[in-house]
Every structure is written in C-alpha cells, then in structure tokens.
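With mmCIF, C-alpha atoms inside, this is my_file21.cif:
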```
data_model
loop_
_atom_site.label_atom_id
_atom_site.label_comp_id
_atom_site.auth_asym_id
_atom_site.auth_seq_id
_atom_site.Cartn_x
_atom_site.Cartn_y
_atom_site.Cartn_z
CA MET A 2 109.47 139.16 172.04
CA LYS A 3 105.95 139.22 173.51
CA ARG A 4 105.60 138.64 177.23
CA SER A 5 103.49 135.47 176.75
CA THR A 6 106.05 134.02 174.36
CA ARG A 7 108.89 134.82 176.75
CA ARG A 8 107.00 133.15 179.63
CA LEU A 9 106.44 130.06 177.51
CA PHE A 10 110.15 129.91 176.66
CA VAL A 11 111.17 130.20 180.32
CA GLN A 12 108.72 127.50 181.36
CA HIS A 13 109.94 125.21 178.59
CA GLY A 14 113.57 125.82 179.61
CA ALA A 15 112.77 125.06 183.25
CA ALA A 16 111.05 121.85 182.22
CA LEU A 17 114.08 120.74 180.22
CA ALA A 18 116.36 121.49 183.19
CA ALA A 19 114.13 119.45 185.48
CA VAL A 20 114.23 116.52 183.09
CA ALA A 21 118.02 116.78 182.89
CA LEU A 22 118.32 116.75 186.69
CA LEU A 23 115.96 113.82 186.91
CA HIS A 24 118.07 111.75 184.56
CA ALA A 25 121.51 112.90 185.83
CA PRO A 26 121.86 110.19 188.53
CA GLN A 27 120.76 107.56 186.05
CA ALA A 28 123.35 108.74 183.55
CA ALA A 29 126.04 108.68 186.24
CA ALA A 30 124.97 105.19 187.29
CA GLN A 31 125.32 104.03 183.70
CA THR A 32 128.96 105.18 183.53
CA PRO A 33 130.93 101.95 183.42
CA TYR A 34 133.15 101.28 186.43
CA PRO A 35 135.66 102.75 187.07
CA LYS A 36 135.30 105.65 184.63
CA ALA A 37 133.16 107.95 186.77
CA ARG A 38 135.91 109.28 189.06
CA PRO A 39 139.27 108.42 190.68
CA ILE A 40 139.51 105.51 193.12
CA THR A 41 140.66 106.14 196.69
CA ILE A 42 142.56 103.51 198.67
CA VAL A 43 142.36 104.26 202.38
CA VAL A 44 145.50 103.28 204.30
CA PRO A 45 144.72 103.41 208.03
CA HIS A 46 148.30 104.17 209.06
CA ALA A 47 150.72 107.06 208.75
CA PRO A 48 152.77 107.59 205.56
CA GLY A 49 156.17 105.97 205.33
CA GLY A 50 155.44 102.65 207.04
CA ALA A 51 155.23 99.17 205.57
CA VAL A 52 151.49 99.25 204.85
CA ASP A 53 151.77 102.61 203.13
CA GLY A 54 154.74 101.44 201.07
CA VAL A 55 153.03 98.32 199.74
CA ALA A 56 149.77 100.20 199.13
CA ARG A 57 151.43 102.87 197.01
CA THR A 58 153.29 100.26 195.00
CA LEU A 59 150.01 98.46 194.29
CA ALA A 60 148.08 101.68 193.58
CA GLU A 61 150.47 102.57 190.78
CA ARG A 62 149.88 99.25 189.05
CA LEU A 63 146.11 99.28 189.61
CA ALA A 64 145.87 102.69 187.99
CA SER A 65 147.54 101.27 184.90
CA GLU A 66 145.32 98.17 184.83
CA LEU A 67 142.05 100.05 185.43
CA GLY A 68 142.77 103.12 183.31
CA GLN A 69 141.80 105.37 186.21
CA SER A 70 143.67 107.40 188.83
CA VAL A 71 144.15 105.58 192.14
CA ILE A 72 144.78 107.83 195.13
CA VAL A 73 146.22 106.65 198.46
CA GLU A 74 144.71 108.46 201.44
CA ASN A 75 146.19 108.00 204.92
CA ARG A 76 143.68 107.97 207.79
CA ALA A 77 145.78 106.92 210.76
CA GLY A 78 144.77 106.32 214.36
CA ALA A 79 143.57 103.73 216.88
CA SER A 80 145.74 100.90 215.51
CA GLY A 81 144.17 101.36 212.07
CA MET A 82 140.58 101.23 213.29
CA ILE A 83 139.70 104.85 212.40
CA GLY A 84 140.46 104.32 208.73
CA ALA A 85 138.83 100.90 208.70
CA ALA A 86 135.62 102.26 210.24
CA SER A 87 135.42 104.99 207.62
CA VAL A 88 135.60 102.43 204.81
CA ALA A 89 133.04 100.16 206.49
CA ARG A 90 130.59 103.10 206.31
CA ALA A 91 131.43 104.02 202.70
CA ASP A 92 129.24 103.30 199.68
CA PRO A 93 130.06 99.90 198.12
CA ASP A 94 130.60 101.40 194.68
CA GLY A 95 134.24 100.44 194.15
CA TYR A 96 135.53 103.99 194.48
CA THR A 97 136.54 103.64 198.14
CA LEU A 98 138.89 100.75 198.89
CA TYR A 99 140.89 99.74 201.94
CA PHE A 100 144.44 98.44 202.22
CA ASN A 101 145.88 97.06 205.42
CA ALA A 102 148.13 94.44 206.93
CA SER A 103 147.39 91.47 209.17
CA ILE A 104 146.55 93.88 212.00
CA HIS A 105 143.09 94.19 210.40
CA SER A 106 142.36 90.60 211.46
CA ILE A 107 144.01 90.97 214.87
CA ASN A 108 142.22 94.12 216.07
CA PRO A 109 138.81 92.42 216.54
CA LEU A 110 140.46 89.82 218.77
CA LEU A 111 142.00 92.48 221.02
CA TYR A 112 139.45 95.29 220.99
CA LYS A 113 136.28 93.22 221.33
CA SER A 114 134.41 95.77 223.45
CA THR A 115 135.42 98.94 221.59
CA ILE A 116 135.78 98.11 217.88
CA LYS A 117 133.10 99.87 215.82
CA TYR A 118 132.85 97.45 212.88
CA ASP A 119 132.96 93.77 212.01
CA ALA A 120 136.33 93.11 210.40
CA VAL A 121 134.86 90.29 208.28
CA LYS A 122 131.18 91.06 207.65
CA ASP A 123 131.61 94.80 206.98
CA PHE A 124 134.20 94.28 204.21
CA THR A 125 134.53 92.56 200.86
CA ALA A 126 137.89 90.83 200.43
CA ILE A 127 139.38 91.58 197.02
CA GLY A 128 142.77 89.94 197.24
CA MET A 129 145.92 89.39 199.24
CA VAL A 130 148.92 90.99 197.62
CA ALA A 131 152.11 90.45 199.59
CA GLN A 132 153.72 89.18 202.74
CA GLY A 133 156.99 89.89 204.46
CA ALA A 134 159.07 88.50 207.28
CA LEU A 135 160.13 90.76 210.13
CA ILE A 136 163.60 91.68 211.32
CA PHE A 137 164.26 90.98 215.00
CA SER A 138 166.68 93.74 215.91
CA VAL A 139 168.21 95.27 219.01
CA ASN A 140 169.97 98.48 219.92
CA PRO A 141 173.73 97.94 219.32
CA GLN A 142 174.44 98.64 223.01
CA VAL A 143 172.56 95.48 223.99
CA PRO A 144 175.28 92.88 224.75
CA ALA A 145 173.83 90.17 222.50
CA ARG A 146 174.70 89.10 218.99
CA THR A 147 172.39 86.09 218.80
CA VAL A 148 168.83 85.39 219.89
CA GLN A 149 170.00 82.97 222.56
CA GLU A 150 172.44 85.53 223.95
CA LEU A 151 169.57 88.03 224.14
CA VAL A 152 167.46 85.54 226.09
CA SER A 153 170.33 85.03 228.54
CA VAL A 154 171.06 88.70 229.18
CA VAL A 155 167.37 89.57 229.58
CA LYS A 156 166.81 86.68 232.00
CA ALA A 157 169.80 87.86 234.04
CA ALA A 158 168.42 91.39 234.41
CA PRO A 159 164.77 91.53 233.32
CA ASP A 160 164.14 94.94 234.89
CA LYS A 161 166.72 96.54 232.58
CA PHE A 162 165.11 95.57 229.25
CA SER A 163 161.98 96.46 227.33
CA PHE A 164 160.62 95.53 223.93
CA VAL A 165 158.73 97.88 221.63
CA THR A 166 155.86 97.77 219.18
CA SER A 167 154.61 100.40 216.76
CA GLY A 168 151.02 99.29 217.31
CA TYR A 169 149.07 96.90 219.49
CA GLY A 170 147.82 94.08 217.32
CA SER A 171 150.51 94.51 214.69
CA ALA A 172 152.47 91.51 213.45
CA GLY A 173 155.49 92.88 215.31
CA HIS A 174 153.52 93.03 218.56
CA LEU A 175 152.27 89.45 218.32
CA GLY A 176 155.69 88.26 217.16
CA VAL A 177 157.39 89.75 220.23
CA ALA A 178 154.65 88.40 222.52
CA GLN A 179 155.10 84.92 221.07
CA PHE A 180 158.89 85.18 221.47
CA LEU A 181 158.61 86.24 225.13
CA TYR A 182 156.19 83.40 225.81
CA GLU A 183 158.21 80.66 224.06
CA THR A 184 161.47 81.66 225.79
CA GLY A 185 159.89 82.03 229.21
CA LEU A 186 160.72 85.74 229.34
CA SER A 187 157.06 86.69 229.72
CA LYS A 188 157.22 85.33 233.29
CA GLY A 189 159.70 88.08 234.11
CA GLY A 190 157.20 90.80 233.29
CA ILE A 191 159.23 92.18 230.38
CA PRO A 192 157.23 95.16 229.07
CA ILE A 193 156.20 95.65 225.44
CA VAL A 194 156.07 99.42 225.09
CA LEU A 195 153.43 100.78 222.72
CA TYR A 196 154.29 103.64 220.36
CA LYS A 197 151.95 105.50 218.03
CA GLY A 198 153.70 104.64 214.82
CA THR A 199 156.93 103.16 213.52
CA ALA A 200 158.93 106.40 213.38
CA PRO A 201 158.84 107.27 217.10
CA ALA A 202 159.32 103.62 218.07
CA MET A 203 162.36 103.33 215.83
CA GLN A 204 163.76 106.63 217.11
CA ASP A 205 163.70 105.43 220.72
CA LEU A 206 165.04 102.00 219.80
CA ILE A 207 168.01 103.62 218.09
CA GLY A 208 168.38 106.00 221.04
CA GLY A 209 168.45 103.15 223.54
CA GLN A 210 165.29 104.05 225.49
CA VAL A 211 163.91 100.63 224.47
CA HIS A 212 165.94 97.62 223.46
CA ALA A 213 164.41 95.19 220.97
CA MET A 214 161.78 95.11 218.22
CA MET A 215 160.31 92.97 215.46
CA ASP A 216 159.45 95.10 212.47
CA PRO A 217 159.15 94.84 208.65
CA PHE A 218 162.21 95.21 206.44
CA LEU A 219 160.95 98.45 204.92
CA SER A 220 161.43 100.43 208.13
CA SER A 221 164.16 98.39 209.86
CA LEU A 222 166.61 97.44 207.12
CA PRO A 223 168.02 100.95 206.46
CA HIS A 224 168.94 101.28 210.14
CA VAL A 225 170.50 97.81 210.20
CA LYS A 226 172.57 98.66 207.11
CA ALA A 227 173.66 101.94 208.75
CA GLY A 228 174.75 100.17 211.92
CA LYS A 229 172.15 101.89 214.07
CA LEU A 230 170.46 98.56 214.84
CA ARG A 231 171.78 95.00 215.10
CA ALA A 232 169.74 92.29 213.37
CA LEU A 233 169.64 89.06 215.37
CA ALA A 234 167.24 87.07 213.20
CA VAL A 235 164.47 87.20 210.61
CA THR A 236 161.06 85.64 211.24
CA GLY A 237 160.49 83.93 207.89
CA ALA A 238 160.94 80.28 206.98
CA GLU A 239 164.10 81.10 205.01
CA ARG A 240 166.88 83.64 205.20
CA SER A 241 166.32 86.88 203.33
CA PRO A 242 168.52 87.73 200.33
CA LEU A 243 168.60 91.25 201.74
CA LEU A 244 170.28 89.94 204.93
CA PRO A 245 171.83 86.62 203.88
CA ASP A 246 174.08 86.36 206.94
CA VAL A 247 171.23 86.78 209.43
CA PRO A 248 169.66 83.48 210.58
CA THR A 249 165.97 82.69 210.80
CA MET A 250 164.33 82.41 214.21
CA ARG A 251 164.21 78.64 213.65
CA GLU A 252 167.95 78.55 213.01
CA ALA A 253 168.39 80.65 216.14
CA GLY A 254 166.80 77.94 218.26
CA LEU A 255 163.04 78.60 218.17
CA LYS A 256 162.07 75.63 216.02
CA ASP A 257 158.37 76.50 215.58
CA PHE A 258 158.77 80.25 215.16
CA GLU A 259 157.63 81.59 211.79
CA PHE A 260 155.87 84.92 211.48
CA TYR A 261 154.89 87.24 208.64
CA SER A 262 153.07 90.46 208.14
CA TRP A 263 150.69 90.12 205.19
CA TYR A 264 148.92 92.79 203.12
CA GLY A 265 145.61 92.85 201.31
CA LEU A 266 142.92 94.88 199.60
CA TRP A 267 139.28 95.18 200.67
CA ALA A 268 136.16 97.16 199.77
CA PRO A 269 133.03 97.85 201.84
CA ALA A 270 130.55 94.99 202.23
CA ARG A 271 127.93 94.33 199.55
CA LEU A 272 130.25 95.29 196.70
CA PRO A 273 128.44 94.40 193.44
CA ALA A 274 129.81 91.24 191.84
CA PRO A 275 130.81 92.89 188.52
CA ILE A 276 132.88 95.52 190.35
CA LEU A 277 134.49 92.85 192.54
CA GLN A 278 135.40 90.87 189.45
CA THR A 279 136.95 93.95 187.84
CA LEU A 280 139.03 94.77 190.92
CA GLU A 281 140.00 91.14 191.52
CA ALA A 282 141.21 90.77 187.93
CA ALA A 283 143.19 94.03 188.09
CA THR A 284 144.79 93.02 191.39
CA ALA A 285 145.76 89.62 189.97
CA LYS A 286 147.39 91.24 186.93
CA ALA A 287 149.19 93.77 189.11
CA ALA A 288 150.58 90.96 191.28
CA GLN A 289 151.94 89.20 188.18
CA ASP A 290 153.83 92.28 187.01
CA PRO A 291 157.63 91.75 187.20
CA ALA A 292 158.20 95.42 188.02
CA LEU A 293 155.88 95.24 191.04
CA LYS A 294 157.55 92.02 192.21
CA SER A 295 161.00 93.59 191.88
CA LYS A 296 159.99 96.70 193.78
CA LEU A 297 158.36 94.74 196.60
CA ASN A 298 161.37 92.41 196.85
CA GLY A 299 163.61 95.43 197.24
CA LEU A 300 161.46 96.58 200.16
CA GLY A 301 161.64 93.19 201.86
CA PHE A 302 158.29 91.76 200.71
CA ASP A 303 157.28 88.84 198.54
CA VAL A 304 154.30 88.80 196.21
CA ALA A 305 151.79 86.39 197.79
CA TYR A 306 148.64 86.77 195.73
CA ARG A 307 145.36 85.16 196.79
CA ASN A 308 142.06 85.78 195.02
CA ALA A 309 138.97 86.95 196.91
CA ALA A 310 137.71 83.49 197.89
CA ASP A 311 141.14 82.22 198.97
CA PHE A 312 141.83 85.46 200.83
CA ASP A 313 138.63 84.98 202.84
CA LYS A 314 139.72 81.46 203.81
CA PHE A 315 143.23 82.65 204.66
CA ILE A 316 141.86 85.41 206.92
CA ALA A 317 139.75 82.87 208.83
CA SER A 318 142.74 80.59 209.40
CA GLU A 319 144.98 83.50 210.44
CA MET A 320 142.44 84.74 212.97
CA THR A 321 142.38 81.27 214.54
CA LYS A 322 146.19 81.31 214.78
CA TYR A 323 146.26 84.83 216.25
CA GLN A 324 143.61 83.95 218.83
CA ALA A 325 145.79 81.08 220.05
CA ILE A 326 148.82 83.37 220.40
CA ILE A 327 146.79 86.00 222.24
CA GLU A 328 145.43 83.44 224.70
CA LYS A 329 148.67 81.65 225.52
CA ALA A 330 150.68 84.89 225.74
CA ASN A 331 147.85 86.44 227.79
CA ILE A 332 147.78 89.63 225.69
CA LYS A 333 145.23 92.11 226.98
CA ILE A 334 144.40 95.69 226.08
CA GLU A 335 143.95 97.84 229.17
#
```

Once more with this new file: its structure as structure tokens, please.
Amino acid sequence: MKRSTRRLFVQHGAALAAVALLHAPQAAAQTPYPKARPITIVVPHAPGGAVDGVARTLAERLASELGQSVIVENRAGASGMIGAASVARADPDGYTLYFNASIHSINPLLYKSTIKYDAVKDFTAIGMVAQGALIFSVNPQVPARTVQELVSVVKAAPDKFSFVTSGYGSAGHLGVAQFLYETGLSKGGIPIVLYKGTAPAMQDLIGGQVHAMMDPFLSSLPHVKAGKLRALAVTGAERSPLLPDVPTMREAGLKDFEFYSWYGLWAPARLPAPILQTLEAATAKAAQDPALKSKLNGLGFDVAYRNAADFDKFIASEMTKYQAIIEKANIKIE
C-alpha cells in the first residue's frame, strides 16, 4: 500500500472513531430505562437490621418487575445521613435509589444545624412499602412482666435503669421518649443510651448493661422467642399474630400510644416523570405480590403501600407528629 493511501485510510478511520465517540452518549441516553445498567438501592444502615431486611425483600421483587438487576448497597453512618447525602448528590437517572425508614423524616427535625441535605426537596418520593409495630422488651432480670410494673420499678429506683436506642431519631428512640414522657419517667432523668446500630444495642440489652428497648420485630423477636428478652407490649393498634399473648401499649394502659416504623423508596430530586412512573408502577406491583406480603409478615411487617403523591402527603403529616413528640419530650441532640 502506498504511503498516501495508508495515510488516507488512517485519517478516515480516526474520523469514524470520532463520530462514534460523539454519538456514544446519545446512544446510551436512548437506551430505554432501566436497560442500561443495574439499579442500586442505597440503604443507609448496616446489614441485618429492619431497613436492610425490608429493602432486600423489595429489591428482589423490583428486579423481577423491571427486568433488571437491583443491588442493595449499605452506606451506614450518622443515623443514616451519610447514605442519604450520597443519594441526594446522585444523578436523577433512576439508577441510584434510596430506601429508608421513618428516621429519614425525623433526622431533619433533630439535626437542623448539621444535616447536609433537605430531606424533602432533595428527594423524589416513589412509594411507601411497609410499616411495622415495635416490640417493647426488657432484659429478663428486670422485675417487671407488664408495662405498668415496669413504670413502678423504674419510678422506685430511677438511677438503676436505662433505656436504649440503636439510633437517635429512629422510631424506637421516639417511641421510648414518648413512653417516658407519658408515664412521667422523663422527670426522673432516665437515660436513653445511644448505640451505633441494632446489634451492639441488642447485645448489651441481653447482657443487662441496659434494661429496656423498643425495636422492630425483625431484630427483637428471635431473642424474645429464645427467652433472652421479655416482651411487655407491642406498639401497634392491634396485637401481632407473631406474639398473640403480648398486649398492645393501649391495652397496657397507655390509651393514646400507637407507634410504627415505616419504610419507603426514594430517588434523587428532579427524577424525570417517565422514570418515576416506571418505578412507581413496579413498586405498586411488588407490594401486591402475595409472596412479598408473606415474607414481610413473617418478619413482623405489614404491606402499607402508598403511591408517590400519597407518600409525600404522609411524610408531611408524620413530620408534624414527630415534631410534636420531640418538643414535648424535649429531645435534643448534644
């Protein structure tokens, strides 16, 4: 081949490569969602807890509905705010999603000066998936078999008892704070000890270093069944079929006490409407699946689906309720 011909061939090849590179992003953009790559659901808590358990159950069904792999990635820390902040900064392309519990709507009320994102404006609500009552349990060495007995023994010796939470702002934290306030125990300065995660909190509760806790069924029920914890009550409106002999907090004498941890799916803000519609429809179908319902029921949760618009309204009403609890219980983050 002559040198001039070879030079022409090389130049032509380079031109074709440049054209291909120029059109590559456009071709990728034209790939219908969600076919371009796997979807990642960020769970801002450690593996093994309630949020992680519900998220993985949902991810399995979403993968089937969307025809795409759905990966759960745990980014724990700072009461869930590290993972949440990372999603708030992510591209709103539907490939990075966020799954959390009610703590997502409580954190901005407690960490007003330090939170790095807006829990409402920086996210697109996709749907609420589930909710679950909490088990109010004590170490078996605590001389109380009912809620009222617990109130009596703690009032008699307030310096000998402490409550525990796996995270400030969690449903368990606010539930305990509300309980202490409504029973007058908060006046005795009963501490709520903060642990970095459910596992270490549960370990010390079983070991007797702390004495009482409100926590989801997923992490508490196995220890109750094994006799390592004693369940005094559940926080839902009705008794749980998983613990039919354990009364509700209302039956135990706190007539207005009803508390749940709820779980939902979000994306970054400014998610395109077609992608939101796709994810909303897939989440709705997943929530209707009998297998998902059965699995969640076995973990102590109920399917409680709300579409994107209703989820937004629910979040607003919940934040109002949480703010009232925080104010009357005088909860502050030092």

Requested in this report: Fewer than 2 positions away in the same chain doesn't count, so skip those; otherwise give me all residues within 9 Å of range 170-175 of chain A, counting only C-alpha atoms, as JSON, numbers by chain.
Outcome: {"A": [80, 102, 103, 104, 105, 106, 107, 108, 110, 111, 135, 137, 165, 166, 167, 168, 177, 178, 179, 180, 193, 195, 214, 215, 216, 217, 260, 261, 262, 263, 323, 326, 327, 330, 332]}

Within 7 Å of Ile40 in chain A using all atoms listed in the file, minus same-chain residues under 2 positions, as an mmCIF file with C-alpha atoms, in the coordinates of the input:
```
data_model
loop_
_atom_site.group_PDB
_atom_site.id
_atom_site.type_symbol
_atom_site.label_atom_id
_atom_site.label_comp_id
_atom_site.auth_asym_id
_atom_site.auth_seq_id
_atom_site.Cartn_x
_atom_site.Cartn_y
_atom_site.Cartn_z
ATOM 1 C CA ARG A 38 135.910 109.280 189.060
ATOM 2 C CA ILE A 42 142.560 103.510 198.670
ATOM 3 C CA SER A 70 143.670 107.400 188.830
ATOM 4 C CA VAL A 71 144.150 105.580 192.140
ATOM 5 C CA ILE A 72 144.780 107.830 195.130
ATOM 6 C CA TYR A 96 135.530 103.990 194.480
ATOM 7 C CA THR A 97 136.540 103.640 198.140
#
```

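Nearest to Pro291 in chain A of all the residues A:Tyr169, A:Val304, A:Ser153, A:Phe124 is A:Val304, counting only C-alpha atoms.
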
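Across the structure, CA of Tyr264 in chain A and CA of Ala232 in chain A are spaced 23.2 Å apart.
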
Could you list, as a PDB file with C-alpha atoms, in the frame of the given file, every residue within 6 Å of Trp267 in chain A, counting only C-alpha atoms and ignoring same-chain residues fewer than 5 positions away?
```
ATOM      1  CA  LEU A  98     138.890 100.750 198.890  1.00  0.00           C
ATOM      2  CA  TYR A  99     140.890  99.740 201.940  1.00  0.00           C
ATOM      3  CA  THR A 125     134.530  92.560 200.860  1.00  0.00           C
ATOM      4  CA  ALA A 126     137.890  90.830 200.430  1.00  0.00           C
ATOM      5  CA  ILE A 127     139.380  91.580 197.020  1.00  0.00           C
TER       6      ILE A 127
END
```

Query raised in the report: Evaluating the PyMOL selection byres ((chain A and resi 43-50) around 7) on the displayed file yields which residues, as a PyMOL selection string?
Result: chain A and resi 41-42+51-54+73-78+81+83-85+98-101+199+220

Query - Val148 in chain A surroundings by only C-alpha atoms, 9 Å radius, close-in-sequence under 5 positions cut, as a ChimeraX atom specification - result: /A:137,153,233-234,250,253-254

Requested in this report: Figure out the distance between CA of Pro192 in chain A and CA of Ser163 in chain A, please, to one decimal in Å.
Outcome: 5.2 Å

Report task. Would you list the contacts of Lys286 in chain A as a list in words, taking every protein, DNA or RNA residue within 12 Å and counting all atoms listed in the file, but skipping same-chain residues closer than 6 positions in sequence? Result -> Leu59, Arg62, Leu63, Ala64, Ser65, Glu66, Leu67, Gly128, Val130, Thr279, Leu280, Ala292, Leu293, Lys294, Val304, Tyr306, Arg307 and Asn308 of chain A

Query - Result set of the PyMOL selection byres ((chain A and resi 187-190) around 9) on the coordinates above, as a VMD selection string - result: chain A and resid 156 159 to 160 178 180 to 186 191 to 192 330

Selection from above, C-alpha atoms, as a PDB file, in the frame of the given file, can you write it?
```pdb
ATOM      1  CA  LYS A 156     166.810  86.680 232.000  1.00  0.00           C
ATOM      2  CA  PRO A 159     164.770  91.530 233.320  1.00  0.00           C
ATOM      3  CA  ASP A 160     164.140  94.940 234.890  1.00  0.00           C
ATOM      4  CA  ALA A 178     154.650  88.400 222.520  1.00  0.00           C
ATOM      5  CA  PHE A 180     158.890  85.180 221.470  1.00  0.00           C
ATOM      6  CA  LEU A 181     158.610  86.240 225.130  1.00  0.00           C
ATOM      7  CA  TYR A 182     156.190  83.400 225.810  1.00  0.00           C
ATOM      8  CA  GLU A 183     158.210  80.660 224.060  1.00  0.00           C
ATOM      9  CA  THR A 184     161.470  81.660 225.790  1.00  0.00           C
ATOM     10  CA  GLY A 185     159.890  82.030 229.210  1.00  0.00           C
ATOM     11  CA  LEU A 186     160.720  85.740 229.340  1.00  0.00           C
ATOM     12  CA  ILE A 191     159.230  92.180 230.380  1.00  0.00           C
ATOM     13  CA  PRO A 192     157.230  95.160 229.070  1.00  0.00           C
ATOM     14  CA  ALA A 330     150.680  84.890 225.740  1.00  0.00           C
TER      15      ALA A 330
END
```

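Across the structure, CA of Phe218 in chain A and CA of Ser241 in chain A are spaced 9.8 Å apart.
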
Requested in this report: Point out the residue among A:Asp311, A:Asp303, A:Glu239, A:Asp246 with the least atom-to-atom distance to Phe258 in chain A, counting all atoms listed in the file.
Outcome: A:Glu239

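Among A:Ala310, A:Ala145, A:Ala200, A:Ala134, the residue with the shortest atom-to-atom distance to Glu259 in chain A, counting all atoms listed in the file, is A:Ala134.
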
Report task. Kindly resolve the PyMOL selection byres ((chain A and resi 272) around 10) on the present coordinates and return the residues as a PyMOL selection string. Result -> chain A and resi 92-95+124-127+267-271+273-278

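Closest approach to Gln149 in chain A from the set A:Lys36, A:Lys322, A:Arg251, A:Lys329 is made by A:Arg251, with distances taken over only C-alpha atoms.
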
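In this comparison, which uses all atoms listed in the file, the residue of A:Pro248, A:Gly299, A:Gly265, A:Pro201 approaching Leu222 in chain A most closely is A:Gly299.
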